[in-house]
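Raw query-v6.pdb, PDB, C-alpha atoms:
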ATOM      1  CA  MET N   1     -13.149 -18.264  15.325
ATOM      2  CA  GLN N   2     -12.371 -21.948  15.298
ATOM      3  CA  THR N   3     -10.656 -23.395  18.362
ATOM      4  CA  CYS N   4     -10.004 -26.926  19.462
ATOM      5  CA  ALA N   5     -12.852 -26.762  21.942
ATOM      6  CA  VAL N   6     -15.359 -25.766  19.294
ATOM      7  CA  ARG N   7     -14.174 -28.263  16.719
ATOM      8  CA  PRO N   8     -14.845 -31.846  17.823
ATOM      9  CA  SER N   9     -12.289 -34.343  16.618
ATOM     10  CA  ARG N  10     -13.314 -36.400  13.670
ATOM     11  CA  HIS N  11     -10.937 -39.200  14.462
ATOM     12  CA  SER N  12      -9.386 -40.343  17.681
ATOM     13  CA  THR N  13      -6.195 -38.584  18.668
ATOM     14  CA  PHE N  14      -4.791 -41.720  20.237
ATOM     15  CA  THR N  15      -5.134 -44.493  17.679
ATOM     16  CA  HIS N  16      -3.904 -48.031  17.966
ATOM     17  CA  SER N  17      -0.258 -48.210  16.941
ATOM     18  CA  THR N  18      -0.793 -50.684  14.083
ATOM     19  CA  SER N  19      -3.138 -48.407  12.191
ATOM     20  CA  ALA N  20      -0.975 -45.412  13.066
ATOM     21  CA  THR N  21       2.006 -46.777  11.135
ATOM     22  CA  GLY N  22       0.070 -46.699   7.895
ATOM     23  CA  TYR N  23       0.496 -50.432   7.265
ATOM     24  CA  ASN N  24      -3.202 -50.878   6.887
ATOM     25  CA  MET N  25      -4.182 -47.450   5.675
ATOM     26  CA  LEU N  26      -1.924 -46.802   2.672
ATOM     27  CA  THR N  27      -1.464 -48.753  -0.553
ATOM     28  CA  LYS N  28       1.925 -49.033  -2.247
ATOM     29  CA  HIS N  29       0.776 -46.549  -4.880
ATOM     30  CA  GLU N  30      -0.318 -44.052  -2.222
ATOM     31  CA  LYS N  31       3.029 -44.321  -0.394
ATOM     32  CA  GLU N  32       4.903 -43.613  -3.632
ATOM     33  CA  LEU N  33       2.642 -40.662  -4.385
ATOM     34  CA  ILE N  34       3.198 -39.209  -0.909
ATOM     35  CA  ALA N  35       6.992 -39.664  -1.102
ATOM     36  CA  LYS N  36       7.059 -38.021  -4.530
ATOM     37  CA  ILE N  37       5.134 -34.958  -3.356
ATOM     38  CA  TRP N  38       7.308 -34.417  -0.275
ATOM     39  CA  ASP N  39      10.485 -34.939  -2.237
ATOM     40  CA  LYS N  40       9.578 -31.858  -4.277
ATOM     41  CA  MET N  41       9.029 -29.854  -1.088
ATOM     42  CA  ILE N  42      12.492 -30.485   0.378
ATOM     43  CA  PRO N  43      14.318 -27.748  -1.594
ATOM     44  CA  VAL N  44      11.618 -25.209  -0.606
ATOM     45  CA  ALA N  45      11.092 -26.488   2.924
ATOM     46  CA  SER N  46      11.461 -23.062   4.594
ATOM     47  CA  ASP N  47       8.920 -21.427   2.282
ATOM     48  CA  ILE N  48       6.404 -24.254   2.523
ATOM     49  CA  GLY N  49       6.857 -24.713   6.260
ATOM     50  CA  ALA N  50       6.503 -21.013   7.016
ATOM     51  CA  GLU N  51       3.361 -20.880   4.871
ATOM     52  CA  CYS N  52       1.778 -23.857   6.673
ATOM     53  CA  LEU N  53       2.445 -22.300  10.059
ATOM     54  CA  LEU N  54       1.210 -18.868   9.000
ATOM     55  CA  ARG N  55      -1.997 -20.355   7.603
ATOM     56  CA  MET N  56      -2.568 -22.271  10.819
ATOM     57  CA  MET N  57      -1.983 -19.301  13.113
ATOM     58  CA  THR N  58      -4.158 -17.006  10.998
ATOM     59  CA  THR N  59      -7.081 -19.433  10.679
ATOM     60  CA  PHE N  60      -6.834 -20.920  14.176
ATOM     61  CA  PRO N  61      -5.561 -18.116  16.435
ATOM     62  CA  GLY N  62      -5.498 -20.422  19.509
ATOM     63  CA  THR N  63      -2.444 -22.124  18.019
ATOM     64  CA  LYS N  64      -0.426 -18.922  18.447
ATOM     65  CA  THR N  65      -0.228 -19.647  22.164
ATOM     66  CA  TYR N  66       2.539 -22.159  21.453
ATOM     67  CA  PHE N  67       4.719 -19.556  19.757
ATOM     68  CA  ALA N  68       4.900 -16.806  22.342
ATOM     69  CA  HIS N  69       8.694 -17.214  22.361
ATOM     70  CA  LEU N  70       9.085 -16.666  18.607
ATOM     71  CA  ASP N  71       8.607 -13.877  16.103
ATOM     72  CA  ILE N  72       5.703 -15.174  14.051
ATOM     73  CA  ARG N  73       5.174 -12.268  11.700
ATOM     74  CA  PRO N  74       4.931 -13.226   8.006
ATOM     75  CA  GLY N  75       8.406 -13.742   6.574
ATOM     76  CA  SER N  76      10.131 -13.921   9.945
ATOM     77  CA  PRO N  77      13.279 -16.076  10.077
ATOM     78  CA  HIS N  78      11.840 -17.903  13.116
ATOM     79  CA  LEU N  79       8.784 -18.935  11.126
ATOM     80  CA  ARG N  80      10.953 -20.112   8.228
ATOM     81  CA  SER N  81      13.389 -22.096  10.341
ATOM     82  CA  HIS N  82      10.662 -23.671  12.431
ATOM     83  CA  GLY N  83       8.575 -24.444   9.361
ATOM     84  CA  LYS N  84      11.606 -25.988   7.693
ATOM     85  CA  LYS N  85      12.120 -28.399  10.604
ATOM     86  CA  ILE N  86       8.539 -29.583  10.384
ATOM     87  CA  VAL N  87       8.537 -30.037   6.591
ATOM     88  CA  LEU N  88      11.844 -31.904   6.644
ATOM     89  CA  ALA N  89      10.606 -34.260   9.367
ATOM     90  CA  ILE N  90       7.438 -35.037   7.395
ATOM     91  CA  ALA N  91       9.423 -35.442   4.166
ATOM     92  CA  GLU N  92      12.041 -37.697   5.762
ATOM     93  CA  CYS N  93       9.369 -39.926   7.226
ATOM     94  CA  SER N  94       7.571 -40.178   3.868
ATOM     95  CA  LYS N  95      10.591 -41.927   2.342
ATOM     96  CA  ASP N  96       9.876 -45.004   4.477
ATOM     97  CA  ILE N  97       6.384 -44.787   5.874
ATOM     98  CA  SER N  98       6.428 -48.350   7.209
ATOM     99  CA  SER N  99       9.213 -47.398   9.613
ATOM    100  CA  MET N 100       7.346 -44.405  10.980
ATOM    101  CA  MET N 101       7.335 -45.613  14.593
ATOM    102  CA  VAL N 102      11.133 -45.918  14.610
ATOM    103  CA  THR N 103      11.865 -42.718  12.678
ATOM    104  CA  LEU N 104       9.603 -40.619  14.877
ATOM    105  CA  ALA N 105      10.660 -42.010  18.271
ATOM    106  CA  PRO N 106      12.798 -38.973  19.186
ATOM    107  CA  LEU N 107      10.069 -36.559  18.076
ATOM    108  CA  GLN N 108       7.510 -38.527  20.070
ATOM    109  CA  THR N 109       9.572 -37.990  23.209
ATOM    110  CA  LEU N 110      10.083 -34.307  22.419
ATOM    111  CA  HIS N 111       6.374 -33.645  21.947
ATOM    112  CA  ALA N 112       5.264 -35.719  24.939
ATOM    113  CA  TYR N 113       7.692 -34.503  27.562
ATOM    114  CA  LYS N 114       8.940 -31.134  26.436
ATOM    115  CA  LEU N 115       6.605 -29.433  23.962
ATOM    116  CA  ARG N 116       3.340 -30.941  25.216
ATOM    117  CA  ILE N 117       1.315 -29.444  22.396
ATOM    118  CA  ASP N 118      -2.326 -30.452  22.790
ATOM    119  CA  PRO N 119      -2.744 -33.098  20.064
ATOM    120  CA  CYS N 120      -5.966 -31.535  18.790
ATOM    121  CA  ASN N 121      -3.684 -28.931  17.226
ATOM    122  CA  PHE N 122      -1.975 -31.521  15.014
ATOM    123  CA  LYS N 123      -5.194 -31.814  13.010
ATOM    124  CA  LEU N 124      -5.263 -28.069  12.500
ATOM    125  CA  LEU N 125      -1.698 -27.995  11.169
ATOM    126  CA  CYS N 126      -2.385 -31.065   8.991
ATOM    127  CA  HIS N 127      -5.348 -29.276   7.440
ATOM    128  CA  CYS N 128      -3.219 -26.205   6.707
ATOM    129  CA  ILE N 129      -0.526 -28.419   5.180
ATOM    130  CA  LEU N 130      -3.173 -29.832   2.829
ATOM    131  CA  VAL N 131      -4.318 -26.291   1.936
ATOM    132  CA  THR N 132      -0.701 -25.249   1.254
ATOM    133  CA  LEU N 133      -0.155 -28.270  -0.990
ATOM    134  CA  ALA N 134      -3.405 -27.521  -2.848
ATOM    135  CA  ALA N 135      -2.448 -23.868  -3.353
ATOM    136  CA  HIS N 136       0.943 -24.890  -4.780
ATOM    137  CA  MET N 137      -0.115 -27.956  -6.773
ATOM    138  CA  GLY N 138      -3.509 -26.856  -8.117
ATOM    139  CA  ASP N 139      -5.324 -29.576 -10.038
ATOM    140  CA  GLU N 140      -2.440 -31.978  -9.465
ATOM    141  CA  PHE N 141      -3.607 -32.193  -5.845
ATOM    142  CA  ASP N 142      -6.545 -34.278  -6.951
ATOM    143  CA  PRO N 143      -8.913 -36.180  -4.608
ATOM    144  CA  VAL N 144      -6.761 -39.339  -4.691
ATOM    145  CA  ALA N 145      -3.600 -37.430  -3.740
ATOM    146  CA  HIS N 146      -5.568 -35.494  -1.125
ATOM    147  CA  ALA N 147      -6.967 -38.684   0.438
ATOM    148  CA  ALA N 148      -3.538 -40.339   0.549
ATOM    149  CA  MET N 149      -1.895 -37.268   2.049
ATOM    150  CA  ASP N 150      -4.645 -36.826   4.654
ATOM    151  CA  LYS N 151      -4.215 -40.445   5.748
ATOM    152  CA  TYR N 152      -0.444 -40.074   5.954
ATOM    153  CA  LEU N 153      -0.582 -36.856   7.975
ATOM    154  CA  SER N 154      -3.230 -38.328  10.314
ATOM    155  CA  ALA N 155      -0.997 -41.352  10.929
ATOM    156  CA  PHE N 156       2.006 -39.052  11.484
ATOM    157  CA  ALA N 157       0.065 -36.978  14.008
ATOM    158  CA  ALA N 158      -1.212 -40.065  15.812
ATOM    159  CA  VAL N 159       2.304 -41.485  16.139
ATOM    160  CA  LEU N 160       3.586 -38.141  17.421
ATOM    161  CA  ALA N 161       0.996 -38.219  20.200
ATOM    162  CA  GLU N 162       1.636 -41.844  21.209
ATOM    163  CA  LYS N 163       3.876 -41.165  24.206
ATOM    164  CA  TYR N 164       1.652 -38.478  25.715
ATOM    165  CA  ARG N 165       0.115 -40.890  28.203
TER     166      ARG N 165
ATOM    167  CA  MET S 166     -24.266 -12.013  15.996
ATOM    168  CA  VAL S 167     -21.056 -12.509  14.043
ATOM    169  CA  GLU S 168     -18.815  -9.488  13.538
ATOM    170  CA  TRP S 169     -17.271  -9.224  10.089
ATOM    171  CA  THR S 170     -14.398  -6.911   9.227
ATOM    172  CA  ASP S 171     -14.455  -5.064   5.903
ATOM    173  CA  PHE S 172     -11.646  -7.302   4.701
ATOM    174  CA  GLU S 173     -13.651 -10.434   5.559
ATOM    175  CA  ARG S 174     -16.805  -9.191   3.829
ATOM    176  CA  GLU S 175     -14.913  -8.155   0.706
ATOM    177  CA  THR S 176     -12.978 -11.410   0.627
ATOM    178  CA  ILE S 177     -16.097 -13.564   0.841
ATOM    179  CA  GLN S 178     -17.977 -11.537  -1.774
ATOM    180  CA  SER S 179     -14.964 -11.593  -4.067
ATOM    181  CA  ILE S 180     -14.320 -15.329  -3.815
ATOM    182  CA  PHE S 181     -17.929 -16.323  -4.338
ATOM    183  CA  GLY S 182     -18.517 -13.605  -6.927
ATOM    184  CA  LYS S 183     -15.803 -15.068  -9.123
ATOM    185  CA  MET S 184     -16.642 -18.702  -8.420
ATOM    186  CA  ASP S 185     -18.272 -21.051 -10.909
ATOM    187  CA  TYR S 186     -20.664 -22.821  -8.545
ATOM    188  CA  ASP S 187     -21.406 -25.509 -11.106
ATOM    189  CA  ASP S 188     -17.713 -26.416 -11.232
ATOM    190  CA  VAL S 189     -16.705 -25.984  -7.600
ATOM    191  CA  GLY S 190     -19.824 -27.630  -6.112
ATOM    192  CA  PRO S 191     -19.332 -30.991  -7.829
ATOM    193  CA  ALA S 192     -15.564 -30.822  -7.215
ATOM    194  CA  ALA S 193     -16.017 -30.253  -3.468
ATOM    195  CA  LEU S 194     -18.683 -32.900  -2.938
ATOM    196  CA  SER S 195     -16.930 -35.569  -5.001
ATOM    197  CA  ARG S 196     -13.677 -34.825  -3.172
ATOM    198  CA  CYS S 197     -15.460 -35.267   0.159
ATOM    199  CA  LEU S 198     -16.851 -38.641  -0.920
ATOM    200  CA  VAL S 199     -13.361 -39.773  -2.021
ATOM    201  CA  VAL S 200     -11.316 -38.416   0.893
ATOM    202  CA  TYR S 201     -13.871 -39.348   3.593
ATOM    203  CA  PRO S 202     -15.556 -42.424   2.145
ATOM    204  CA  TRP S 203     -17.832 -42.904   5.140
ATOM    205  CA  THR S 204     -19.754 -39.844   3.958
ATOM    206  CA  GLN S 205     -21.061 -42.065   1.141
ATOM    207  CA  ARG S 206     -23.500 -43.498   3.653
ATOM    208  CA  TYR S 207     -25.881 -40.652   2.863
ATOM    209  CA  PHE S 208     -25.889 -41.312  -0.854
ATOM    210  CA  GLY S 209     -26.973 -44.937  -1.087
ATOM    211  CA  ASN S 210     -29.261 -44.238  -4.023
ATOM    212  CA  PHE S 211     -26.669 -42.343  -6.071
ATOM    213  CA  GLY S 212     -25.517 -45.418  -7.969
ATOM    214  CA  ASN S 213     -21.854 -46.106  -8.704
ATOM    215  CA  LEU S 214     -19.536 -44.726  -6.005
ATOM    216  CA  TYR S 215     -17.050 -47.611  -6.126
ATOM    217  CA  ASN S 216     -13.888 -45.618  -6.755
ATOM    218  CA  ALA S 217     -12.593 -42.067  -7.215
ATOM    219  CA  ALA S 218     -13.164 -42.093 -10.987
ATOM    220  CA  ALA S 219     -16.746 -43.334 -10.585
ATOM    221  CA  ILE S 220     -17.493 -40.713  -7.927
ATOM    222  CA  GLN S 221     -16.013 -37.867  -9.953
ATOM    223  CA  GLY S 222     -17.954 -38.947 -13.031
ATOM    224  CA  ASN S 223     -21.248 -39.581 -11.241
ATOM    225  CA  PRO S 224     -23.966 -37.205 -12.511
ATOM    226  CA  MET S 225     -26.051 -37.410  -9.322
ATOM    227  CA  VAL S 226     -23.022 -36.371  -7.257
ATOM    228  CA  ALA S 227     -22.414 -33.477  -9.638
ATOM    229  CA  ALA S 228     -26.038 -32.354  -9.460
ATOM    230  CA  HIS S 229     -26.056 -32.497  -5.693
ATOM    231  CA  GLY S 230     -22.759 -30.629  -5.502
ATOM    232  CA  LYS S 231     -24.331 -27.784  -7.463
ATOM    233  CA  THR S 232     -27.350 -27.791  -5.120
ATOM    234  CA  VAL S 233     -25.081 -27.500  -2.088
ATOM    235  CA  LEU S 234     -23.058 -24.599  -3.504
ATOM    236  CA  HIS S 235     -26.140 -22.693  -4.588
ATOM    237  CA  GLY S 236     -27.426 -23.264  -1.047
ATOM    238  CA  LEU S 237     -24.195 -21.768   0.305
ATOM    239  CA  ASP S 238     -24.870 -18.692  -1.783
ATOM    240  CA  ARG S 239     -27.732 -17.818   0.574
ATOM    241  CA  ALA S 240     -25.226 -17.317   3.389
ATOM    242  CA  VAL S 241     -23.002 -15.229   1.094
ATOM    243  CA  LYS S 242     -25.974 -12.945   0.450
ATOM    244  CA  ASN S 243     -27.013 -12.831   4.145
ATOM    245  CA  MET S 244     -23.763 -12.692   6.052
ATOM    246  CA  ASP S 245     -25.340 -10.800   8.924
ATOM    247  CA  ASP S 246     -27.879 -13.485   9.746
ATOM    248  CA  ILE S 247     -26.596 -16.839   8.624
ATOM    249  CA  LYS S 248     -28.142 -18.507  11.652
ATOM    250  CA  ALA S 249     -31.682 -17.581  10.602
ATOM    251  CA  THR S 250     -30.942 -18.233   6.926
ATOM    252  CA  TYR S 251     -30.139 -21.869   7.672
ATOM    253  CA  ALA S 252     -32.598 -22.637  10.468
ATOM    254  CA  GLU S 253     -34.887 -24.662   8.209
ATOM    255  CA  LEU S 254     -32.034 -26.441   6.443
ATOM    256  CA  SER S 255     -30.624 -27.351   9.838
ATOM    257  CA  VAL S 256     -33.899 -28.953  10.875
ATOM    258  CA  LEU S 257     -34.040 -30.770   7.533
ATOM    259  CA  HIS S 258     -30.526 -32.205   7.883
ATOM    260  CA  SER S 259     -31.192 -33.272  11.449
ATOM    261  CA  GLU S 260     -34.707 -34.616  11.439
ATOM    262  CA  LYS S 261     -35.246 -35.793   7.900
ATOM    263  CA  LEU S 262     -31.803 -36.561   6.469
ATOM    264  CA  HIS S 263     -30.167 -37.616   9.765
ATOM    265  CA  VAL S 264     -26.778 -36.264   8.757
ATOM    266  CA  ASP S 265     -24.042 -36.272  11.420
ATOM    267  CA  PRO S 266     -23.184 -32.556  11.752
ATOM    268  CA  ASP S 267     -19.471 -33.355  11.693
ATOM    269  CA  ASN S 268     -19.964 -33.979   7.985
ATOM    270  CA  PHE S 269     -20.549 -30.261   7.453
ATOM    271  CA  ARG S 270     -17.005 -29.679   8.720
ATOM    272  CA  LEU S 271     -15.612 -32.346   6.396
ATOM    273  CA  LEU S 272     -17.320 -30.833   3.365
ATOM    274  CA  ALA S 273     -16.227 -27.337   4.401
ATOM    275  CA  ASP S 274     -12.602 -28.552   4.578
ATOM    276  CA  CYS S 275     -12.870 -30.092   1.110
ATOM    277  CA  LEU S 276     -14.385 -26.897  -0.259
ATOM    278  CA  THR S 277     -11.486 -24.923   1.248
ATOM    279  CA  ILE S 278      -8.988 -27.181  -0.481
ATOM    280  CA  VAL S 279     -10.780 -26.957  -3.843
ATOM    281  CA  VAL S 280     -10.808 -23.156  -3.601
ATOM    282  CA  ALA S 281      -7.123 -23.158  -2.578
ATOM    283  CA  ALA S 282      -6.260 -25.273  -5.621
ATOM    284  CA  ARG S 283      -8.212 -22.937  -7.919
ATOM    285  CA  MET S 284      -6.842 -19.688  -6.437
ATOM    286  CA  GLY S 285      -3.233 -20.763  -5.854
ATOM    287  CA  ALA S 286      -1.060 -18.016  -4.367
ATOM    288  CA  ASP S 287      -4.062 -15.645  -4.193
ATOM    289  CA  PHE S 288      -5.449 -17.855  -1.435
ATOM    290  CA  THR S 289      -3.202 -16.197   1.129
ATOM    291  CA  ALA S 290      -3.227 -16.975   4.857
ATOM    292  CA  ASP S 291      -5.473 -13.959   5.517
ATOM    293  CA  VAL S 292      -7.875 -14.928   2.745
ATOM    294  CA  GLN S 293      -7.953 -18.474   4.107
ATOM    295  CA  GLY S 294      -8.679 -17.106   7.572
ATOM    296  CA  ALA S 295     -11.672 -15.130   6.312
ATOM    297  CA  PHE S 296     -12.949 -18.003   4.178
ATOM    298  CA  GLN S 297     -12.715 -20.523   7.018
ATOM    299  CA  LYS S 298     -14.355 -18.126   9.475
ATOM    300  CA  PHE S 299     -17.282 -17.818   7.053
ATOM    301  CA  LEU S 300     -17.536 -21.597   6.649
ATOM    302  CA  ALA S 301     -17.297 -22.087  10.427
ATOM    303  CA  VAL S 302     -20.356 -19.875  10.853
ATOM    304  CA  VAL S 303     -22.195 -21.805   8.139
ATOM    305  CA  VAL S 304     -21.265 -25.140   9.742
ATOM    306  CA  SER S 305     -22.340 -23.922  13.159
ATOM    307  CA  SER S 306     -25.683 -22.671  11.819
ATOM    308  CA  LEU S 307     -26.397 -25.941  10.069
ATOM    309  CA  GLY S 308     -25.743 -27.805  13.307
ATOM    310  CA  ARG S 309     -27.777 -25.468  15.441
ATOM    311  CA  GLN S 310     -31.193 -27.130  15.233
ATOM    312  CA  TYR S 311     -29.948 -30.581  16.177
ATOM    313  CA  HIS S 312     -31.356 -31.810  19.472
TER     314      HIS S 312
END

Let me see the structure of the file written as structure tokens.
Amino acid sequence: MQTCAVRPSRHSTFTHSTSATGYNMLTKHEKELIAKIWDKMIPVASDIGAECLLRMMTTFPGTKTYFAHLDIRPGSPHLRSHGKKIVLAIAECSKDISSMMVTLAPLQTLHAYKLRIDPCNFKLLCHCILVTLAAHMGDEFDPVAHAAMDKYLSAFAAVLAEKYR
Amino acid sequence: MVEWTDFERETIQSIFGKMDYDDVGPAALSRCLVVYPWTQRYFGNFGNLYNAAAIQGNPMVAAHGKTVLHGLDRAVKNMDDIKATYAELSVLHSEKLHVDPDNFRLLADCLTIVVAARMGADFTADVQGAFQKFLAVVVSSLGRQYH
């Protein structure tokens, strides 16, 4: 069973804010690719979001500890509505990646002061988002798209954790 | 000793039984070299790794990808003692190849994504759970002989 303690981080959770905005990490082409992929996910945000969460909680059971207040059985309305929120936030942000710090300010505050999810879990959800995209997109989720998306989600997660301390 | 449920055993045997190792191996390794470019440090003598197209077309990468997947097959056939199965390979990767063991995790993640892309909806959350548990054991065994 993989848990945060067993899985050492492969990149720092708290990165410098410049690199976290994606200015330096993503090319123009990559940003367009990322926006295009998320645009397609908006109409099916509940399905995609629920799937990402279910994959994460099945593969990394420690993450279930954050959902004790919800019904997290497959297909549950809680899973779908919560998943939808997450997908829509990621999709919205992808439309203007350079403004990530501004767009995510309210979510930064929410995660730092209210939710206080250990940031190591962001990586686990990011991985499951990549798996979900691969399962839905097949060959279209080629290594270039995968690399771009991984960079974007890492930057997103890093920005989300910025106000923690 | 790792405990496997019947579902986990069947899932692993089924996935690997249907897999074309000579297709998936190269796909997983080349993806790793593209998505995590720092992993290229171990392949200095592989020639042209300048961009994604070069990596995906590189015959040495393809050959090595096949080697890795066929190596993984040993764990598939010995699920009840993966630790012992990989003891020698672990020593090799540590003492001779000097590979940072975190790289095993990176490659395992890329392999998961390649399999997800191939299997589509059949790669359900439960199947993913079993697959990643298997890879976690493999990764742990490969890192075990590092001191």

In Å to one decimal, how far is atom CA of S:Asn268 from atom CA of N:Ile86? 28.9 Å

Tell me the residues of chain N close to chain S, meaning within 10 Å using all atoms listed in the file, as a PyMOL selection string. chain N and resi 1-2+6-10+51-61+74+127-128+130-151

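Across the structure, atom CA of S:Phe172 and atom CA of N:His78 are spaced 27.1 Å apart.
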
Tell me which of N:Ala157, N:Met101, N:Val87, N:Lys114 sits closest to N:Pro43, counting all atoms listed in the file. N:Val87

At a cut-off of 12 Å, using only C-alpha atoms, what residues contact S:Met166? Leave out same-chain residues fewer than 2 positions from it and give the result as a list of chain:residue names. S:Glu168, S:Trp169, S:Met244, S:Asp245, S:Asp246, S:Ile247, S:Lys248, S:Ala249, S:Val302, S:Ser306

In the coordinates of the file, take the point (-23.9, -41.1, 4.5) and a cut-off of 9 Å; then, counting only C-alpha atoms, name each qualifying protein, DNA or RNA residue as a ChimeraX atom specification. /S:202-209,263-265,268

What is the distance between atom CA of N:Phe122 and atom CA of S:Thr176, in Å to one decimal?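 Computing the Euclidean distance for atom CA of N:Phe122 and atom CA of S:Thr176 yields 27.1 Å.
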
Using only C-alpha atoms, find the one residue out of N:Ile90, N:Ile72, N:Leu79, N:Ala155 that sits nearest to N:Ile37.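 Comparing N:Ile90, N:Ile72, N:Leu79, N:Ala155 against N:Ile37, the winner is N:Ile90.
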
Which residue out of N:Ser46, N:Thr103, N:Ser76, N:Asn121 has the minimum interatomic distance to N:Ala161 when all atoms listed in the file are used?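 Closest candidate: N:Asn121.
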